Every structure is written in C-alpha cells, then in structure tokens.
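Each remark here refers to the structure printed beneath this line.
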Protein chains: 2
Amino acid sequence: MSAAFFKPRLLAPGPVEVPPAVLEALARPVTHHRAPAFRETFLRARERLATVFSVPGDDVLIVTGSGTAGFEAALVSAVPAGDRVLALHAGRFGERWAAMAESLGYQVEHLEAAPGAEFDLSEVAERLDATSQLAAVTLVQSETSTGALHDVRAVAELVRRVRPEALVLVDAVTSLACAELRPLEWGLDAVVSGSQKGVMTPPGLAFVWLSERAWQRSEGAGRAGSYYLDLHRERAKQAGGQTAFTPAVSLVAGLDVALGMLLDEGLENVWRRRAGLNAALLAAGGALGLRQFAARPSPAVAALVVPEGIGARAVLSAARARGATLAGGQGELAGTIIRPSLLGYADRYDAVAAAQLLEDALHDVDADTPQGVAVPAALRALAGEA
Amino acid sequence: MSAAFFKPRLLAPGPVEVPPAVLEALARPVTHHRAPAFRETFLRARERLATVFSVPGDDVLIVTGSGTAGFEAALVSAVPAGDRVLALHAGRFGERWAAMAESLGYQVEHLEAAPGAEFDLSEVAERLDATSQLAAVTLVQSETSTGALHDVRAVAELVRRVRPEALVLVDAVTSLACAELRPLEWGLDAVVSGSQKGVMTPPGLAFVWLSERAWQRSEGAGRAGSYYLDLHRERAKQAGGQTAFTPAVSLVAGLDVALGMLLDEGLENVWRRRAGLNAALLAAGGALGLRQFAARPSPAVAALVVPEGIGARAVLSAARARGATLAGGQGELAGTIIRPSLLGYADRYDAVAAAQLLEDALHDVDADTPQGVAVPAALRALAGEA
C-alpha cells in the first residue's frame, strides 16, 4: 500500500474539481477591472450565468466573497431591516441563514426538521398561516451538510398561496447547475450560489439573483447591515459591465470559461449527468452497506451512513491515503456520514473510479467489506437501473 | 502608428502587474479548504503577511472580498455599533469610509482637506479636543485617488495624545509593501489592505490587522452590521489555519508565492524600490510639463496634472493605443489628472519604458511635447538625484 501511487482527487461537494481550461484562464495576465477587455468578459459571464440560473438577460449579480457573503447580500438587499423572517432548516446551512438573520436584527422564526428529513408541508402551511407580517422565508434547496434536496418548488407554491406577500429566498449554493431550478416559474425572490460548486470554478465568487418585486420592495427601505454587500449599489454598476468594488478578475475569467463549457453541454444535460453520477455514488455506497442519509437525496452530494463498527473518520482517512479528499459529516454527524461528490468536472468514468476507491477505502478499514460490488452497482445506476 | 506592435502593460495603481510565478500558482489544481495542503499554505501566507504588515506572528486575517470589504470588516469588528467616528478625508477613498460608517449607523464627523492636500495637524488636534466620546478615527495612508501619502504616524501620535481612548483605523490598501508602515510603533488599531496592490496578486482578498485593544474593546459589544465580515468569528478559525467561510484558495496560493518574493527581496528594499520607481514616474511627468498633484506624494501612484489644453482623457487614450492601461482621475478630477503606477511587479527598466511611453502618448496628443526628456529625468530620479 505505502509504495502505491495515487493521484489527488477532489471528491468534495465544493470546492470541486476544476477543468484545466478554467485553471488556464486563471493564469492569464490580470486585466484592469475598468478596461474594455474585462468588461467584455464580465458581461458575457453574467449573461451565461443568467442562462444557468434560468432567469432573463443580465439579472444575476456577481459578488466577490463566499456563498455566505452571497446569502447575506440577498437577505439585506431584499428584506428591509427588522422585518420578520421564517427560516426553514434541516441542517447546518439552513441553521446558518437563521443565525445570520438573527445577528442582522431580523425577527426570526424557526421551522426545523430533523437533519436530512423533508419539511412537512402541512406544518409549513400551518406555520405560514399563523405568522402575521411575514416578510420572507429562507430555505436551502440542496442542504450540503445532509445531502438532502428540499422541495423548493412545493414550499414556494405554499408561500405564494398562504402568504403571497412573503419573499422566498433560496440557497442554491450546491444545487445550481445540478438540480432543476426555475426561479420564475416557481415564484422565487432570491437565489444564491457560489463559484466553487456546480459551475466548477475555484471559490471566491458568489452569485445572487433577486426578483423584480424583491428589488422594488427593498428600494428606499432601511437596510440591515453591510455596505459592501448592498446589491442596490452593485445592480446599477453591473448593468454597465462594471462593479461597485474591485472584483476578483481572475476568477471571473475562469468562471466565463466554465460557464461556456456547461452551456455547450446544455443545462438540462448537465442536470441529468450530475443526477446520474450522484446516483452512481449512492448505489456504490448501498452495495457496500452504506445507506443514504437523506430522505430525498440531492444530486450534488451523496451523504452515506457508515456503520458504527467501521466509523466515518476511518473511512475518510483510508480514502485520503488513496489520494481522495472527501467531506465527512459536520457537527453531530461528524463520525456518522461521509459525503463523496462528483459535483465538479466529472464524467461516468470518474464515477466508476470513485466507486472503486470507496470500496477499497472501506476494505482497508473493514476486511469484511464485500469486493467487486461497488463498480457494478455504480454502472447499473448510471444505466438508469437504480 | 496603427501597424505598430504594443504589449499590454498594466500601469494602474491596482490591479497591478502580477509575477508569472504567481499566475502559475493560481492555475494549480484547487485544494479543499479543510485539507492539510491548504492549511499549510494558508498559515504560511498569514505569517508572511504579518511580516509585511510589521506585526507579530499570525495577527493578520485574510478575508475573501475587495479592499472595501476589508475596511468594513475592520470597522464593524473594532468599533461597537452606534459609536462616534471621526473620518479624515481628502479624496475618494477617505470619503468612502465616511459614507460607509454613516450607512452602518455610526455617528460620523467629517474632517475634510482639499483633494491631494495634507491635513492641518493643528486643525486635527482642535477637532479631536472638541469631540467628546470619540470611539475611532479613520484615515487613508495612501489616497489612491489623489496620489497623496497622508502622515498616518503624525495623526496617530496626535490621537494618542489628545484622545488616547480613540482607535485609529488606517486604509493601507495601496501603501502596504510600498510606504513605511509600523502599526505597533505608531500606535495604530486597524490596518487594512488588499491583494491586488503592493502584494502583487490578483484582486479578491482583503487583509485586516487589529490591535489587541481593538479586539478587546469590541469583544461582546454590539456589532454594526455584517455577519460575513465579523472578524471575531474569523479570528478563532484562522489561528488554526481554517476560515469561517470558504476562502478563495487559488488566490491564497498566489498570495503565498508573491509574499515569498517580496520577503526574499526584503521589506525595506521593496519600500525603497517602489519609492524610486514612483519618483521616476513623477520626474518623467515633470520633464513633460505635468506637475505632481499631491502635496506629499505617495510612492504607490504618480498623480500628474495634465495641462488643460491637452486633457487627461486624450493622454489616457493615446497611452491605451500604445498598449498601456493607466488610471485617470475619479469624479471631479476625471479630466484633470492621470495616475500611472508601478506598484506591482516592476523594476527600473519598467520605469524607463513607462517614462518613454508617457512621452510618446503626450506627443501623440500634443506635437509640442518635448522629446528625449522623460527617460533622462526618470534615470536621474532613480539615481536619487530628484
């Protein structure tokens, strides 16, 4: 084992594997952010991003910062200071948005589901009905910490029916360019994502789309917090191909290339490919005795429960010894789950390789692990025989 | 002219020319931000950054965002919500910090000097004396919009004497790794900079140092605004080589390489080199009839007044036709000044080239421009005969 050669493989749900052409774009000489060459790249990247968000024209704003910066930007730019926010959460990221809203001075109500569980829609409906003066609802589409895909469409429909005045703010950090997402048809008001996930660029950029009514609602209203993250300033600038503050120009150059690759493939093809790759990881895990953690799994990440006798940490170490960086569970799930992901630059052969690597890592830890089962299971899933 | 070949040259005061070795580091495969390989790079970059800031050990925090994000992080993390802030300004960036503090709900007092002028220290002393319950003073060391180097040391000494309880928050965005800066000896409480300036890395990272008393003052106090930019969360994480939120790992890799190059040269040598290069630009401008705009020029940027009959915009266009991206004036100075800079990866031969390019661009616009004068003037300045 110790003499064997292993390539580094990034199998985490972000940062993800980035295509060589994107890395190459990052290494280009830096352009000035007010120069015509950058403006052209920036406007094209914004237009491509709008296509990936399934929203019109140049509606998506690019902010230099992490996904958390993006969510804060959406929240403070769409929801006037001090308003009431209902935070739906069933995992770490949903909890973070609730904590953020509290720290920003909003009146926050919590609706919690168990980690990995779905929200009970009748409970959501009751809660909406019981909450007066509700300004906004926050939720996560793909809860990266649990591997769950929450039904944003159904929740948004409920909100539209029961509390039509409330804005629906969605964390699509790991679901963008991965799970179906239709902000206009579903009646969403904010969608947030980041560069280091489905759009396979290094971390450092956040993306925010706001609905027209969200822009109008917040225009002229009191703002909670940040000057840097106030998108009203950014919106006017970005329409002209500029930014209010110096952006990460190298990351924008990489993003533009990555988005071009995704759009060449076609957005719905990308959704299908990634659903297939994730199904393959879940199937490989299943064949190895690791059950899926989430009730309704996200295509962005395969959260798998490692039996207690084996231990998630030991499997992660064994995978690392074979070159792979996988995420484990966060917080109370730390010793319980592993979260392999092929959200980045990956094809079916990467799924085959990951399945075998997972089998080998488990076998390193537990000699009773069955052998020769993960790849066949992955291939069946890829063929749609899940 | 139109058939001639020109290389692109970035002669702006940020983003600046980035060394090829830094660009190369940006193109490395992305590492996971919780993986050991990244932790090692991050901790080393933070240690090198502390050396460049002339502060101890691992005191400087890295935030993913622009310099504006960095200043907001320093302000909200050091100064409790609603406190009184005296903003010294004599240009666009000083004004921005005043506007930011107002929008964040601080009680802001303004002390304004004319763009490019020095602050009158007796006026500053009077104002400090007259202002009770003053929590903080904000000022800019190198005001990029005017090319002025403000005397941070003298202002800080005044504050320490007249209002010892007030924190001194300094924008060192373009002065870091360029002008002398000694946060501890000068009694500063916050120093902010960004990646795309003296540390010659692409934009996207901000750096913040806070004094021990600034940390203590704000510990447990009410915070104005941002969740993302609250450094109390970052401080604990970064001590262990992590970040609260996913950082721009590729930019950190580049930063680490750039800082290594600067420290190999030696910080005081870097200061001397850049002072010489900027003196050369000012001297070239002087020989061409462009007088320096700032009373006390910053070594980061040469703000030069273009005679009315010629016009700054025409000179910028002519320089652009010769491949060079230079900054002009901002706001009311737009048609008046040009701001060439060699703040990035530049040596004496780049100063010679820039001097000739400036002469040629001026000559393109005004056939009466003297010829053969800019380079000799630049060389005399480089030899210390300014």
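Ordering of the structure tokens sets the chain letters (A, B, ...); residue numbers start at 1 within each chain; ligands are numbered from 1 in the order shown.
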Alpha helix (DSSP H) residues, from DSSP on the backbone, in range 102-196 of chain A, as a ChimeraX atom specification: /A:102-103,121-130,152-162,183-186
Contact set, chain A to chain B: 7 Å, only C-alpha atoms, as number ranges by chain: A: 15, 17-18, 23-24, 26-28, 30, 32, 64-66, 68-69, 100, 103-104, 202-204, 224-228, 245-250
Would you write out those residues with N, CA and C atoms, as a compact mmCIF listing (two decimals), in the first residue's frame?
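Okay, part_35.txt is ready:
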```
# COMPACT_ATOMS: atom_id res chain seq x y z
N PRO A 15 -14.98 23.03 -2.42
CA PRO A 15 -14.52 23.22 -3.79
C PRO A 15 -14.49 21.90 -4.54
N GLU A 17 -13.49 19.67 -8.40
CA GLU A 17 -12.50 19.59 -9.48
C GLU A 17 -12.84 20.65 -10.53
N VAL A 18 -11.82 21.40 -10.93
CA VAL A 18 -11.99 22.49 -11.90
C VAL A 18 -11.35 22.07 -13.22
N LEU A 23 -8.56 26.58 -15.10
CA LEU A 23 -7.31 26.91 -14.39
C LEU A 23 -6.41 27.75 -15.27
N GLU A 24 -6.38 27.39 -16.55
CA GLU A 24 -5.57 28.14 -17.52
C GLU A 24 -6.03 29.60 -17.62
N LEU A 26 -7.39 31.28 -15.28
CA LEU A 26 -6.98 31.95 -14.04
C LEU A 26 -5.55 32.48 -14.13
N ALA A 27 -4.74 31.80 -14.93
CA ALA A 27 -3.32 32.17 -15.01
C ALA A 27 -3.06 33.24 -16.06
N ARG A 28 -4.11 33.74 -16.70
CA ARG A 28 -3.90 34.82 -17.68
C ARG A 28 -3.45 36.10 -16.98
N VAL A 30 -3.45 39.62 -15.48
CA VAL A 30 -4.57 40.32 -14.86
C VAL A 30 -5.00 41.50 -15.72
N HIS A 32 -7.28 45.08 -15.99
CA HIS A 32 -7.85 46.11 -15.11
C HIS A 32 -9.37 45.98 -15.16
N THR A 64 -17.72 39.43 -5.03
CA THR A 64 -16.50 38.76 -4.60
C THR A 64 -16.64 38.40 -3.12
N GLY A 65 -16.68 37.12 -2.84
CA GLY A 65 -16.88 36.63 -1.48
C GLY A 65 -17.34 35.17 -1.53
N SER A 66 -17.57 34.58 -0.38
CA SER A 66 -18.03 33.19 -0.33
C SER A 66 -19.54 33.13 -0.53
N THR A 68 -21.63 32.44 1.69
CA THR A 68 -22.22 33.12 2.85
C THR A 68 -22.35 34.62 2.58
N ALA A 69 -21.33 35.21 1.95
CA ALA A 69 -21.42 36.62 1.56
C ALA A 69 -22.60 36.80 0.60
N MET A 100 -27.63 34.01 10.89
CA MET A 100 -27.24 35.25 10.22
C MET A 100 -28.36 36.29 10.32
N SER A 103 -28.52 37.68 13.74
CA SER A 103 -27.42 38.60 14.06
C SER A 103 -27.58 39.92 13.30
N LEU A 104 -28.33 39.91 12.21
CA LEU A 104 -28.57 41.15 11.45
C LEU A 104 -29.79 41.91 11.96
N PRO A 202 -12.83 27.92 -9.09
CA PRO A 202 -12.36 27.99 -7.69
C PRO A 202 -13.24 28.92 -6.84
N PRO A 203 -13.18 28.75 -5.52
CA PRO A 203 -14.01 29.60 -4.65
C PRO A 203 -13.58 31.07 -4.69
N GLY A 204 -14.53 31.94 -4.34
CA GLY A 204 -14.21 33.37 -4.25
C GLY A 204 -15.27 34.28 -4.85
N ALA A 224 -30.52 46.43 6.67
CA ALA A 224 -29.84 45.80 7.80
C ALA A 224 -28.41 45.54 7.39
N GLY A 225 -27.52 46.34 7.91
CA GLY A 225 -26.14 45.94 7.78
C GLY A 225 -25.38 46.37 6.55
N SER A 226 -24.60 45.45 6.07
CA SER A 226 -23.44 45.68 5.21
C SER A 226 -23.56 46.72 4.10
N TYR A 227 -22.49 47.48 3.98
CA TYR A 227 -22.29 48.45 2.90
C TYR A 227 -21.76 47.68 1.68
N TYR A 228 -20.76 46.85 1.93
CA TYR A 228 -20.14 46.07 0.84
C TYR A 228 -21.15 45.17 0.14
N PHE A 245 -17.13 47.59 -6.48
CA PHE A 245 -15.82 47.43 -5.85
C PHE A 245 -14.99 46.46 -6.70
N THR A 246 -13.66 46.56 -6.60
CA THR A 246 -12.79 45.74 -7.45
C THR A 246 -13.13 44.25 -7.32
N PRO A 247 -13.52 43.60 -8.41
CA PRO A 247 -13.87 42.18 -8.34
C PRO A 247 -12.64 41.29 -8.53
N ALA A 248 -12.80 40.02 -8.22
CA ALA A 248 -11.72 39.04 -8.43
C ALA A 248 -11.65 38.72 -9.93
N VAL A 249 -10.95 39.55 -10.69
CA VAL A 249 -10.98 39.46 -12.16
C VAL A 249 -10.51 38.09 -12.67
N SER A 250 -9.55 37.48 -12.01
CA SER A 250 -9.04 36.19 -12.48
C SER A 250 -10.10 35.11 -12.33
```
Contacts of Trp271 in chain A within 6 Å, only C-alpha atoms, excl. fewer than 2 positions in-chain, as a ChimeraX atom specification: /A:178-179,268-269,273-274
Shell of 12 Å around Ala321 in chain A, only C-alpha atoms, local chain residues under 3 positions omitted, as an MDAnalysis selection string: chainID A and resid 1:9 314:318 324:326 357:358 360:362 364:365
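Computed from the coordinates, the CA of Glu359 in chain A to CA of Gly335 in chain A distance equals 18.5 Å.
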Expected answer as a list of chain:residue names: strand (DSSP E) residues in range 218-367 of chain B: B:Arg291, B:Gln292, B:Leu304, B:Val305, B:Ala324, B:Thr325, B:Ala327, B:Gly328, B:Ile337, B:Ile338, B:Arg339
Contacts of Val191 in chain A within 7 Å, only C-alpha atoms, excl. fewer than 4 positions in-chain, as a list of chain:residue names: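 With the cut-off at 7 Å, the set is A:Leu169, A:Val170, A:Asp171, A:Ala172, A:Val208, A:Trp209, A:Leu210.
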Within 9 Å of Leu184 in chain A using only C-alpha atoms, minus same-chain residues under 6 positions, as a list in words: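 Here the answer would be Ser54, Val55 and Ser211 of chain A.
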For range 140-148 of chain B: contacts at 8 Å, only C-alpha atoms, fewer than 6 positions along chain excluded, given as a count of residues only: 31
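The space separating CA of Thr243 in chain B from CA of Arg46 in chain B comes to 11.8 Å.
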Minimum-distance residue to Ala50 in chain A, chosen among A:Ile62, A:Ala81, A:Leu281, A:Ala374 (using only C-alpha atoms):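 Residue with the minimum atom-to-atom distance to Ala50 in chain A: A:Ile62.
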One-decimal distance in Å that lies between CA of Ala78 in chain A and CA of Gly220 in chain B: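 According to the coordinates, CA of Gly220 in chain B and CA of Ala78 in chain A are separated by 28.2 Å.
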